file work29.tsv (TSV, C-alpha atoms)
chain	number	residue	atom	x	y	z
A	930	MET	CA	-14.53	-24.93	20.45
A	931	GLY	CA	-12.84	-26.10	23.61
A	932	GLY	CA	-11.06	-29.41	24.09
A	933	ASN	CA	-8.08	-31.14	25.56
A	934	PRO	CA	-4.67	-29.87	24.60
A	935	HIS	CA	-2.70	-31.89	22.06
A	936	ASN	CA	0.84	-31.47	20.85
A	937	SER	CA	2.32	-32.83	17.64
A	938	SER	CA	3.46	-36.05	19.32
A	939	GLY	CA	-0.20	-36.80	20.11
A	940	TRP	CA	-1.09	-36.82	16.38
A	941	PRO	CA	-4.14	-34.53	16.66
A	942	PRO	CA	-6.31	-34.92	13.55
A	943	PHE	CA	-7.77	-31.96	11.67
A	944	THR	CA	-11.19	-31.58	10.11
A	945	LEU	CA	-11.37	-30.32	6.54
A	946	THR	CA	-14.11	-27.91	5.47
A	947	GLY	CA	-15.81	-27.51	2.12
A	948	LEU	CA	-17.94	-24.45	1.44
A	949	PRO	CA	-19.46	-23.18	4.71
A	950	ALA	CA	-23.24	-22.55	4.46
A	951	LEU	CA	-23.25	-24.06	0.95
A	952	GLU	CA	-23.08	-27.74	1.84
A	953	ASN	CA	-25.93	-28.58	-0.56
A	954	SER	CA	-23.81	-27.33	-3.47
A	955	GLN	CA	-20.72	-29.37	-2.65
A	956	HIS	CA	-21.19	-31.85	-5.53
A	957	TRP	CA	-21.48	-28.99	-8.03
A	958	MET	CA	-18.35	-27.47	-6.57
A	959	PHE	CA	-16.51	-30.74	-7.08
A	960	LEU	CA	-17.54	-30.80	-10.75
A	961	LEU	CA	-16.24	-27.24	-11.17
A	962	LEU	CA	-12.97	-27.95	-9.38
A	963	GLY	CA	-12.63	-31.21	-11.30
A	964	ALA	CA	-12.82	-29.23	-14.54
A	965	PHE	CA	-10.15	-26.86	-13.21
A	966	TYR	CA	-7.90	-29.81	-12.34
A	967	ALA	CA	-8.39	-31.37	-15.78
A	968	VAL	CA	-7.58	-28.14	-17.64
A	969	SER	CA	-4.58	-27.45	-15.41
A	970	LEU	CA	-3.01	-30.90	-15.60
A	971	VAL	CA	-3.72	-31.54	-19.29
A	972	GLY	CA	-2.86	-27.97	-20.33
A	973	ASN	CA	0.46	-27.87	-18.51
A	974	ALA	CA	1.36	-31.38	-19.69
A	975	LEU	CA	0.73	-30.25	-23.29
A	976	ILE	CA	2.93	-27.19	-22.77
A	977	LEU	CA	5.76	-29.40	-21.53
A	978	PHE	CA	5.32	-31.83	-24.44
A	979	ILE	CA	5.26	-29.07	-27.05
A	980	ILE	CA	8.37	-27.33	-25.65
A	981	LYS	CA	10.19	-30.67	-25.59
A	982	GLU	CA	9.25	-31.49	-29.20
A	983	GLU	CA	9.66	-28.05	-30.78
A	984	GLN	CA	13.33	-27.23	-31.38
A	985	SER	CA	12.46	-23.55	-31.92
A	986	LEU	CA	11.24	-23.38	-28.31
A	987	HIS	CA	14.53	-24.56	-26.82
A	988	GLN	CA	15.26	-21.08	-25.49
A	989	PRO	CA	15.62	-19.64	-21.95
A	990	MET	CA	12.14	-18.09	-22.02
A	991	TYR	CA	10.52	-21.46	-22.69
A	992	TYR	CA	12.75	-23.32	-20.26
A	993	PHE	CA	11.36	-21.03	-17.57
A	994	LEU	CA	7.86	-21.65	-18.92
A	995	SER	CA	8.50	-25.40	-18.58
A	996	LEU	CA	9.47	-24.88	-14.96
A	997	LEU	CA	6.31	-22.83	-14.43
A	998	SER	CA	4.19	-25.62	-15.95
A	999	VAL	CA	5.81	-28.26	-13.73
A	1000	ASN	CA	5.21	-26.04	-10.70
A	1001	ASP	CA	1.56	-25.43	-11.66
A	1002	MET	CA	1.02	-29.17	-11.93
A	1003	GLY	CA	2.57	-29.49	-8.47
A	1004	VAL	CA	0.14	-26.90	-7.08
A	1005	SER	CA	-2.81	-28.84	-8.48
A	1006	LEU	CA	-1.58	-32.23	-7.30
A	1007	SER	CA	-0.81	-30.95	-3.79
A	1008	THR	CA	-4.45	-29.96	-3.21
A	1009	LEU	CA	-6.13	-32.73	-5.23
A	1010	PRO	CA	-6.23	-35.54	-2.59
A	1011	THR	CA	-8.00	-33.59	0.16
A	1012	VAL	CA	-10.27	-31.63	-2.21
A	1013	LEU	CA	-11.32	-34.94	-3.79
A	1014	VAL	CA	-12.18	-36.65	-0.49
A	1015	THR	CA	-13.88	-33.52	0.91
A	1016	TYR	CA	-16.11	-32.55	-2.01
A	1017	CYS	CA	-16.67	-35.98	-3.56
A	1018	PHE	CA	-16.49	-38.57	-0.77
A	1019	TYR	CA	-17.38	-36.20	2.13
A	1020	PHE	CA	-14.48	-37.54	4.19
A	1021	ARG	CA	-13.31	-34.67	6.36
A	1022	GLU	CA	-10.53	-35.91	8.64
A	1023	ILE	CA	-6.80	-35.56	7.92
A	1024	SER	CA	-3.93	-36.65	10.15
A	1025	PHE	CA	-1.46	-34.17	11.58
A	1026	ASP	CA	1.51	-35.38	9.52
A	1027	SER	CA	-0.52	-35.47	6.29
A	1028	CYS	CA	-1.67	-31.93	6.99
A	1029	MET	CA	1.91	-30.78	7.61
A	1030	ALA	CA	3.10	-32.39	4.39
A	1031	GLN	CA	0.31	-30.83	2.33
A	1032	MET	CA	0.87	-27.41	3.89
A	1033	PHE	CA	4.60	-27.66	3.11
A	1034	PHE	CA	4.06	-28.46	-0.56
A	1035	ILE	CA	1.30	-25.90	-1.13
A	1036	HIS	CA	3.44	-23.09	0.25
A	1037	LEU	CA	6.58	-24.43	-1.43
A	1038	PHE	CA	4.95	-24.35	-4.87
A	1039	SER	CA	3.52	-20.87	-4.18
A	1040	PHE	CA	6.97	-19.48	-3.32
A	1041	VAL	CA	8.54	-21.27	-6.30
A	1042	GLU	CA	5.94	-19.74	-8.62
A	1043	SER	CA	6.76	-16.26	-7.36
A	1044	GLY	CA	10.46	-16.92	-7.97
A	1045	ILE	CA	9.81	-18.27	-11.47
A	1046	LEU	CA	7.81	-15.18	-12.39
A	1047	LEU	CA	10.74	-13.09	-11.16
A	1048	VAL	CA	13.34	-14.88	-13.31
A	1049	MET	CA	10.95	-14.72	-16.27
A	1050	SER	CA	10.79	-10.95	-15.83
A	1051	PHE	CA	14.61	-10.91	-15.81
A	1052	ASP	CA	14.51	-12.89	-19.07
A	1053	ARG	CA	12.21	-10.28	-20.64
A	1054	TYR	CA	14.41	-7.45	-19.32
A	1055	VAL	CA	17.56	-8.90	-20.91
A	1056	ALA	CA	15.77	-9.74	-24.17
A	1057	ILE	CA	14.42	-6.20	-24.59
A	1058	CYS	CA	17.00	-3.98	-22.92
A	1059	ASN	CA	20.16	-5.92	-23.87
A	1060	PRO	CA	19.17	-8.09	-26.86
A	1061	LEU	CA	22.73	-8.39	-28.20
A	1062	ARG	CA	23.89	-9.92	-24.91
A	1063	TYR	CA	20.88	-12.21	-24.46
A	1064	ALA	CA	22.61	-15.38	-25.61
A	1065	THR	CA	25.70	-14.73	-23.48
A	1066	VAL	CA	23.80	-13.65	-20.34
A	1067	LEU	CA	21.15	-16.39	-20.33
A	1068	THR	CA	23.17	-19.45	-21.19
A	1069	ASP	CA	21.77	-22.94	-20.54
A	1070	THR	CA	23.98	-23.23	-17.47
A	1071	ARG	CA	22.77	-19.93	-16.07
A	1072	VAL	CA	19.15	-20.90	-16.71
A	1073	VAL	CA	19.69	-24.09	-14.70
A	1074	HIS	CA	21.36	-22.10	-11.91
A	1075	LEU	CA	18.48	-19.61	-11.78
A	1076	GLY	CA	15.90	-22.39	-11.65
A	1077	MET	CA	17.77	-24.26	-8.92
A	1078	SER	CA	18.23	-21.03	-6.94
A	1079	VAL	CA	14.47	-20.43	-6.97
A	1080	ILE	CA	13.74	-23.98	-5.78
A	1081	ILE	CA	16.44	-23.99	-3.08
A	1082	ARG	CA	15.38	-20.55	-1.80
A	1083	SER	CA	11.75	-21.65	-1.57
A	1084	PHE	CA	12.63	-24.93	0.16
A	1085	CYS	CA	14.80	-23.18	2.76
A	1086	MET	CA	12.04	-20.62	3.42
A	1087	VAL	CA	9.23	-23.16	3.85
A	1088	PHE	CA	11.14	-25.91	5.68
A	1089	PRO	CA	10.86	-24.29	9.15
A	1090	LEU	CA	7.05	-23.97	8.96
A	1091	PRO	CA	6.09	-27.55	9.95
A	1092	LEU	CA	8.87	-27.58	12.57
A	1093	LEU	CA	7.50	-24.41	14.17
A	1094	LEU	CA	3.96	-25.81	14.14
A	1095	ARG	CA	5.02	-29.11	15.73
A	1096	ARG	CA	6.13	-27.36	18.90
A	1097	LEU	CA	2.64	-25.87	19.48
A	1098	PRO	CA	-0.22	-27.44	21.44
A	1099	PHE	CA	-3.64	-27.71	19.75
A	1100	CYS	CA	-6.59	-27.54	22.10
A	1101	LYS	CA	-9.46	-26.39	19.89
A	1102	ALA	CA	-11.77	-28.42	17.67
A	1103	ASN	CA	-9.09	-28.36	14.94
A	1104	VAL	CA	-11.60	-27.49	12.21
A	1105	LEU	CA	-9.83	-26.01	9.18
A	1106	SER	CA	-11.33	-23.25	7.04
A	1107	HIS	CA	-10.57	-25.01	3.74
A	1108	ALA	CA	-10.38	-28.42	2.10
A	1109	TYR	CA	-6.60	-28.27	2.45
A	1110	CYS	CA	-4.01	-27.19	5.01
A	1111	LEU	CA	-2.54	-23.68	5.04
A	1112	HIS	CA	-0.10	-22.20	7.55
A	1113	PRO	CA	-2.26	-19.19	8.64
A	1114	ASP	CA	-5.23	-21.51	9.18
A	1115	LEU	CA	-3.19	-23.89	11.34
A	1116	ILE	CA	-1.79	-21.04	13.46
A	1117	ARG	CA	-5.37	-19.98	14.20
A	1118	LEU	CA	-6.08	-23.39	15.75
A	1119	ALA	CA	-3.08	-23.43	18.09
A	1120	CYS	CA	-3.65	-22.50	21.73
A	1121	GLY	CA	0.00	-21.77	22.58
A	1122	ASP	CA	2.13	-18.72	21.92
A	1123	THR	CA	2.22	-18.21	18.14
A	1124	THR	CA	4.36	-15.06	18.13
A	1125	ILE	CA	7.31	-16.81	16.46
A	1126	ASN	CA	5.05	-18.41	13.86
A	1127	ASN	CA	3.32	-15.14	13.02
A	1128	THR	CA	6.61	-13.23	12.86
A	1129	TYR	CA	8.23	-15.83	10.63
A	1130	GLY	CA	5.12	-15.96	8.42
A	1131	LEU	CA	5.27	-12.19	7.95
A	1132	PHE	CA	8.99	-12.42	7.18
A	1133	LEU	CA	8.28	-15.07	4.51
A	1134	VAL	CA	5.67	-12.91	2.80
A	1135	ILE	CA	7.96	-9.86	2.72
A	1136	ALA	CA	11.11	-11.77	1.72
A	1137	THR	CA	9.43	-13.66	-1.12
A	1138	PHE	CA	6.19	-12.21	-2.46
A	1139	GLY	CA	7.02	-8.66	-1.40
A	1140	LEU	CA	10.59	-8.60	-2.70
A	1141	ASP	CA	9.75	-10.54	-5.88
A	1142	SER	CA	6.84	-8.26	-6.79
A	1143	VAL	CA	8.98	-5.14	-6.30
A	1144	LEU	CA	11.75	-6.56	-8.51
A	1145	ILE	CA	9.23	-7.60	-11.17
A	1146	LEU	CA	7.76	-4.09	-11.14
A	1147	LEU	CA	11.27	-2.60	-11.40
A	1148	SER	CA	12.11	-4.82	-14.39
A	1149	TYR	CA	9.00	-3.61	-16.21
A	1150	VAL	CA	9.78	0.01	-15.43
A	1151	LEU	CA	13.18	-0.52	-17.09
A	1152	ILE	CA	11.55	-2.41	-19.98
A	1153	LEU	CA	9.02	0.38	-20.52
A	1154	HIS	CA	11.79	2.96	-20.45
A	1155	SER	CA	13.67	1.00	-23.10
A	1156	VAL	CA	10.58	0.49	-25.25
A	1157	LEU	CA	9.69	4.19	-25.21
A	1158	ALA	CA	13.10	4.90	-26.72
A	1159	ILE	CA	12.10	2.97	-29.85
A	1160	ALA	CA	11.12	5.39	-32.60
A	1161	SER	CA	8.55	3.25	-34.42
A	1162	GLN	CA	5.20	2.74	-32.69
A	1163	GLU	CA	4.77	-0.56	-34.52
A	1164	GLU	CA	8.07	-1.80	-33.12
A	1165	ARG	CA	7.07	-0.66	-29.64
A	1166	LEU	CA	3.86	-2.69	-29.78
A	1167	LYS	CA	5.67	-5.69	-31.22
A	1168	THR	CA	8.24	-5.55	-28.42
A	1169	LEU	CA	5.64	-5.13	-25.67
A	1170	ASN	CA	3.62	-7.99	-27.13
A	1171	THR	CA	6.43	-10.37	-26.13
A	1172	CYS	CA	5.70	-9.48	-22.49
A	1173	VAL	CA	1.91	-9.85	-22.53
A	1174	SER	CA	1.86	-13.52	-21.51
A	1175	HIS	CA	4.21	-12.92	-18.59
A	1176	ILE	CA	2.29	-9.84	-17.43
A	1177	CYS	CA	-0.94	-11.87	-17.45
A	1178	ALA	CA	0.75	-14.68	-15.48
A	1179	VAL	CA	1.97	-12.15	-12.90
A	1180	LEU	CA	-1.48	-10.57	-12.53
A	1181	ILE	CA	-3.40	-13.84	-12.16
A	1182	PHE	CA	-0.93	-14.93	-9.48
A	1183	TYR	CA	-0.57	-11.75	-7.41
A	1184	VAL	CA	-4.08	-10.25	-7.68
A	1185	PRO	CA	-5.87	-13.26	-6.07
A	1186	MET	CA	-3.12	-13.44	-3.44
A	1187	VAL	CA	-3.69	-9.79	-2.52
A	1188	GLY	CA	-7.45	-10.49	-2.43
A	1189	VAL	CA	-6.94	-13.36	0.02
A	1190	SER	CA	-4.70	-11.20	2.23
A	1191	MET	CA	-7.14	-8.27	2.21
A	1192	ALA	CA	-10.09	-10.54	3.03
A	1193	ALA	CA	-8.19	-12.14	5.90
A	1194	ARG	CA	-7.23	-8.74	7.33
A	1195	TYR	CA	-10.33	-6.61	6.69
A	1196	GLY	CA	-13.14	-9.06	5.93
A	1197	ARG	CA	-13.15	-11.22	9.04
A	1198	HIS	CA	-16.84	-10.53	9.69
A	1199	GLY	CA	-17.91	-11.37	6.15
A	1200	PRO	CA	-19.38	-14.73	5.07
A	1201	ARG	CA	-16.92	-17.60	5.54
A	1202	TYR	CA	-17.56	-18.96	2.06
A	1203	VAL	CA	-16.14	-15.73	0.58
A	1204	HIS	CA	-12.75	-16.48	2.17
A	1205	THR	CA	-12.94	-20.05	0.91
A	1206	LEU	CA	-13.80	-18.97	-2.63
A	1207	LEU	CA	-10.95	-16.44	-2.70
A	1208	SER	CA	-8.54	-19.10	-1.53
A	1209	LEU	CA	-9.80	-21.49	-4.22
A	1210	ILE	CA	-9.30	-18.80	-6.88
A	1211	TYR	CA	-5.75	-18.20	-5.64
A	1212	LEU	CA	-4.80	-21.89	-5.81
A	1213	PHE	CA	-6.84	-23.06	-8.81
A	1214	VAL	CA	-7.02	-20.22	-11.33
A	1215	PRO	CA	-3.29	-19.56	-12.08
A	1216	PRO	CA	-2.45	-23.23	-12.88
A	1217	MET	CA	-5.51	-23.38	-15.13
A	1218	LEU	CA	-5.04	-20.07	-16.97
A	1219	ASN	CA	-1.26	-20.06	-17.46
A	1220	PRO	CA	-1.21	-22.78	-20.17
A	1221	ILE	CA	-4.23	-21.17	-21.86
A	1222	ILE	CA	-2.56	-17.74	-21.96
A	1223	TYR	CA	0.73	-19.05	-23.31
A	1224	SER	CA	-1.06	-21.24	-25.86
A	1225	ILE	CA	-2.96	-18.23	-27.19
A	1226	LYS	CA	-0.07	-15.75	-27.18
A	1227	THR	CA	2.79	-17.99	-28.40
A	1228	LYS	CA	2.60	-18.72	-32.13
A	1229	GLU	CA	4.84	-21.81	-32.01
A	1230	ILE	CA	2.87	-23.37	-29.15
A	1231	ARG	CA	-0.44	-22.49	-30.83
A	1232	ARG	CA	0.66	-24.04	-34.13
A	1233	ARG	CA	1.83	-27.27	-32.52
A	1234	LEU	CA	-1.33	-27.44	-30.38
A	1235	HIS	CA	-3.51	-27.17	-33.48
A	1236	LYS	CA	-1.47	-29.91	-35.09
A	1237	ILE	CA	-1.95	-32.17	-32.06
A	1238	LEU	CA	-5.66	-31.49	-31.58
A	1239	LEU	CA	-6.82	-31.05	-35.17
A	1240	GLY	CA	-4.10	-32.72	-37.17
A	1241	THR	CA	-3.58	-29.52	-39.20
A	1242	LYS	CA	-1.14	-26.66	-39.35
A	1243	ILE	CA	-2.07	-22.99	-39.21
call {"tool": "encode", "arguments": {"input": "work29.tsv", "output": "structure tokens"}}
result
Amino acid sequence: MGGNPHNSSGWPPFTLTGLPALENSQHWMFLLLGAFYAVSLVGNALILFIIKEEQSLHQPMYYFLSLLSVNDMGVSLSTLPTVLVTYCFYFREISFDSCMAQMFFIHLFSFVESGILLVMSFDRYVAICNPLRYATVLTDTRVVHLGMSVIIRSFCMVFPLPLLLRRLPFCKANVLSHAYCLHPDLIRLACGDTTINNTYGLFLVIATFGLDSVLILLSYVLILHSVLAIASQEERLKTLNTCVSHICAVLIFYVPMVGVSMAARYGRHGPRYVHTLLSLIYLFVPPMLNPIIYSIKTKEIRRRLHKILLGTKI
């Protein structure tokens, strides 16, 4: 794995990797991932179209869902080019700048998704715990401000990553562990002092995923406390049912992320393809399942979807 040192000004290329030890199954993997891409892009585009067309869905909750759908499409599109050339055309090389750009957008969309899930939990908290103030608290202007705050926070957090990587020399074979560029993977390939990169990466995880998950958990503790105060069990279930879609979205985002982190920390001696598969689940499953979950659990979206696909109302 040795080689001559390169810095960012030398434009060192990187080599993408498919599924280690499963090279003979690469074409089947592309078919599977292609199906994931199709469901994600078409599903989220339908969600956006339905929310735009249905006047009854012009509410804060569905504005946040629109932002989530746009973000999920961004996640899919940010990985599509390199996954396509790796699994379909078996072209493995990516330039340094292209790798930096892809890494930036993948992490940007991941941080934005965490922030969106947080503001969606705030929406559910206000709707259940302070329903009479819902319209005055979550005005259209405030919804826009919350969405912009999430995007600006994520951009400011991720922006230093490529700058910190550009100052490092790369003297290994520059073979990535995935079919796309991720910050932890790139740090592993650097042969200089990565203390600043590792410290800043840890700060990012704590300041975004860690803080967001704690606040989401806190919002649901308050929601549960409020729901338990409702006398009727039927009303309790009806109220909690409005949170099911969001809870599922939170779980399918954070559970794979925890799995990837645990595998990276404690499963270093396990098969390499396990790490790759976990990473694929983390990046591909949430954008695919989110539109499915909201289509099933939201009556207005389900009705309009049936009308579009079958030409009938339910």
call {"tool": "closest_residue", "arguments": {"input": "work29.tsv", "among": "A:Pro1216, A:Arg1232, A:Phe1088, A:Leu1133", "to": "Leu1006 of chain A", "atoms": "all atoms listed in the file"}}
result
A:Pro1216
call {"tool": "closest_residue", "arguments": {"input": "work29.tsv", "among": "A:Arg1053, A:His1204, A:His1074, A:Lys1228", "to": "Ile1176 of chain A", "atoms": "all atoms listed in the file"}}
result
A:Arg1053
call {"tool": "residues_around", "arguments": {"input": "work29.tsv", "residues": "segment 1007-1016 of chain A", "least_positions_apart": "2", "cutoff": "7 Å", "atoms": "only C-alpha atoms", "output": "PDB file with C-alpha atoms, in the coordinates of the input"}}
result
ATOM      1  CA  LEU A 945     -11.370 -30.320   6.540  1.00  0.00           C
ATOM      2  CA  GLY A 947     -15.810 -27.510   2.120  1.00  0.00           C
ATOM      3  CA  GLN A 955     -20.720 -29.370  -2.650  1.00  0.00           C
ATOM      4  CA  HIS A 956     -21.190 -31.850  -5.530  1.00  0.00           C
ATOM      5  CA  PHE A 959     -16.510 -30.740  -7.080  1.00  0.00           C
ATOM      6  CA  GLY A1003       2.570 -29.490  -8.470  1.00  0.00           C
ATOM      7  CA  VAL A1004       0.140 -26.900  -7.080  1.00  0.00           C
ATOM      8  CA  SER A1005      -2.810 -28.840  -8.480  1.00  0.00           C
ATOM      9  CA  PHE A1018     -16.490 -38.570  -0.770  1.00  0.00           C
ATOM     10  CA  TYR A1019     -17.380 -36.200   2.130  1.00  0.00           C
ATOM     11  CA  PHE A1020     -14.480 -37.540   4.190  1.00  0.00           C
ATOM     12  CA  ARG A1021     -13.310 -34.670   6.360  1.00  0.00           C
ATOM     13  CA  GLN A1031       0.310 -30.830   2.330  1.00  0.00           C
ATOM     14  CA  PHE A1034       4.060 -28.460  -0.560  1.00  0.00           C
ATOM     15  CA  ILE A1035       1.300 -25.900  -1.130  1.00  0.00           C
ATOM     16  CA  ALA A1108     -10.380 -28.420   2.100  1.00  0.00           C
ATOM     17  CA  TYR A1109      -6.600 -28.270   2.450  1.00  0.00           C
TER      18      TYR A1109
END
call {"tool": "atom_distance", "arguments": {"input": "work29.tsv", "atom1": "atom CA of Thr1227 of chain A", "atom2": "atom CA of Thr1068 of chain A"}}
result
21.7 Å
call {"tool": "residues_around", "arguments": {"input": "work29.tsv", "residues": "Leu1180 of chain A", "least_positions_apart": "3", "cutoff": "12 Å", "atoms": "all atoms listed in the file", "output": "mmCIF file with C-alpha atoms, in the frame of the given file"}}
result
data_model
loop_
_atom_site.group_PDB
_atom_site.id
_atom_site.type_symbol
_atom_site.label_atom_id
_atom_site.label_comp_id
_atom_site.auth_asym_id
_atom_site.auth_seq_id
_atom_site.Cartn_x
_atom_site.Cartn_y
_atom_site.Cartn_z
ATOM 1 C CA SER A 1043 6.760 -16.260 -7.360
ATOM 2 C CA LEU A 1046 7.810 -15.180 -12.390
ATOM 3 C CA SER A 1142 6.840 -8.260 -6.790
ATOM 4 C CA ILE A 1145 9.230 -7.600 -11.170
ATOM 5 C CA LEU A 1146 7.760 -4.090 -11.140
ATOM 6 C CA VAL A 1173 1.910 -9.850 -22.530
ATOM 7 C CA SER A 1174 1.860 -13.520 -21.510
ATOM 8 C CA HIS A 1175 4.210 -12.920 -18.590
ATOM 9 C CA ILE A 1176 2.290 -9.840 -17.430
ATOM 10 C CA CYS A 1177 -0.940 -11.870 -17.450
ATOM 11 C CA TYR A 1183 -0.570 -11.750 -7.410
ATOM 12 C CA VAL A 1184 -4.080 -10.250 -7.680
ATOM 13 C CA PRO A 1185 -5.870 -13.260 -6.070
ATOM 14 C CA MET A 1186 -3.120 -13.440 -3.440
ATOM 15 C CA VAL A 1187 -3.690 -9.790 -2.520
ATOM 16 C CA GLY A 1188 -7.450 -10.490 -2.430
ATOM 17 C CA TYR A 1211 -5.750 -18.200 -5.640
ATOM 18 C CA VAL A 1214 -7.020 -20.220 -11.330
ATOM 19 C CA PRO A 1215 -3.290 -19.560 -12.080
ATOM 20 C CA LEU A 1218 -5.040 -20.070 -16.970
ATOM 21 C CA ASN A 1219 -1.260 -20.060 -17.460
ATOM 22 C CA ILE A 1222 -2.560 -17.740 -21.960
#
call {"tool": "residues_around", "arguments": {"input": "work29.tsv", "residues": "Val968 of chain A", "least_positions_apart": "5", "cutoff": "10 Å", "atoms": "all atoms listed in the file", "output": "list in words"}}
result
Leu962, Gly963, Asn973, Ala974, Pro1216, Met1217, Leu1218, Pro1220 and Ile1221 of chain A
call {"tool": "atom_distance", "arguments": {"input": "work29.tsv", "atom1": "atom CA of Lys1236 of chain A", "atom2": "atom CA of Phe993 of chain A"}}
result
23.5 Å
call {"tool": "closest_residue", "arguments": {"input": "work29.tsv", "among": "A:Ser1224, A:Asn1103, A:Ser998, A:Ser1039", "to": "Ile1023 of chain A", "atoms": "all atoms listed in the file"}}
result
A:Asn1103
call {"tool": "atom_distance", "arguments": {"input": "work29.tsv", "atom1": "atom CA of Ser1083 of chain A", "atom2": "atom CA of Tyr992 of chain A"}}
result
18.8 Å
call {"tool": "closest_residue", "arguments": {"input": "work29.tsv", "among": "A:Asp1026, A:Asp1052, A:Gln984, A:Phe1084", "to": "Phe1038 of chain A", "atoms": "all atoms listed in the file"}}
result
A:Phe1084
call {"tool": "closest_residue", "arguments": {"input": "work29.tsv", "among": "A:Phe1213, A:Tyr991, A:Phe965, A:Phe1025", "to": "Phe1182 of chain A", "atoms": "all atoms listed in the file"}}
result
A:Phe1213
call {"tool": "residues_around", "arguments": {"input": "work29.tsv", "residues": "Ile1045 of chain A", "least_positions_apart": "3", "cutoff": "12 Å", "atoms": "only C-alpha atoms", "output": "ChimeraX atom specification"}}
result
/A:990-1001,1038-1042,1048-1052,1072-1073,1075-1080,1082-1083,1137-1138,1141-1142,1145,1175,1178-1179,1182
call {"tool": "residues_around", "arguments": {"input": "work29.tsv", "residues": "Val1055 of chain A", "least_positions_apart": "5", "cutoff": "12 Å", "atoms": "only C-alpha atoms", "output": "list in words"}}
result
Pro989, Met990, Val1048, Met1049, Ser1050, Pro1060, Leu1061, Arg1062, Tyr1063, Ala1064, Thr1065, Val1066, Leu1067, Thr1068, Ser1148, Tyr1149, Leu1151, Ile1152, Ser1155 and Cys1172 of chain A
call {"tool": "closest_residue", "arguments": {"input": "work29.tsv", "among": "A:Met1086, A:Leu960, A:Cys1058, A:Cys1028", "to": "Val1150 of chain A", "atoms": "only C-alpha atoms"}}
result
A:Cys1058
call {"tool": "decode", "arguments": {"input": "work29.tsv", "residues": "segment 1121-1161 of chain A", "atoms": "C-alpha atoms", "output": "short mmCIF file (atom, residue, chain, number, x, y, z; two decimals), in the first residue's frame"}}
result
data_model
loop_
_atom_site.label_atom_id
_atom_site.label_comp_id
_atom_site.auth_asym_id
_atom_site.auth_seq_id
_atom_site.Cartn_x
_atom_site.Cartn_y
_atom_site.Cartn_z
CA GLY A 1121 -0.08 13.07 7.39
CA ASP A 1122 -1.29 14.14 10.81
CA THR A 1123 -5.08 13.71 10.83
CA THR A 1124 -5.66 14.81 14.44
CA ILE A 1125 -7.53 17.97 13.39
CA ASN A 1126 -9.65 16.04 10.89
CA ASN A 1127 -10.56 13.35 13.41
CA THR A 1128 -11.33 15.90 16.13
CA TYR A 1129 -13.50 17.99 13.84
CA GLY A 1130 -15.26 14.86 12.54
CA LEU A 1131 -16.10 13.85 16.11
CA PHE A 1132 -17.32 17.38 16.85
CA LEU A 1133 -19.62 17.22 13.79
CA VAL A 1134 -21.17 13.94 14.89
CA ILE A 1135 -21.83 15.21 18.43
CA ALA A 1136 -23.05 18.67 17.37
CA THR A 1137 -25.45 17.36 14.73
CA PHE A 1138 -26.50 13.73 15.02
CA GLY A 1139 -25.89 13.56 18.77
CA LEU A 1140 -27.64 16.81 19.67
CA ASP A 1141 -30.49 16.28 17.19
CA SER A 1142 -31.22 12.76 18.41
CA VAL A 1143 -31.31 13.91 22.05
CA LEU A 1144 -33.72 16.75 21.19
CA ILE A 1145 -35.92 14.41 19.15
CA LEU A 1146 -36.03 11.98 22.07
CA LEU A 1147 -36.88 14.84 24.45
CA SER A 1148 -39.73 16.01 22.20
CA TYR A 1149 -41.24 12.53 22.24
CA VAL A 1150 -40.91 12.27 26.00
CA LEU A 1151 -42.95 15.50 26.25
CA ILE A 1152 -45.40 14.23 23.62
CA LEU A 1153 -45.87 10.95 25.49
CA HIS A 1154 -46.41 12.82 28.73
CA SER A 1155 -49.08 14.94 27.06
CA VAL A 1156 -50.75 11.94 25.43
CA LEU A 1157 -50.95 10.01 28.69
CA ALA A 1158 -52.94 12.89 30.14
CA ILE A 1159 -55.72 12.21 27.62
CA ALA A 1160 -58.55 10.30 29.29
CA SER A 1161 -59.80 8.32 26.30
#
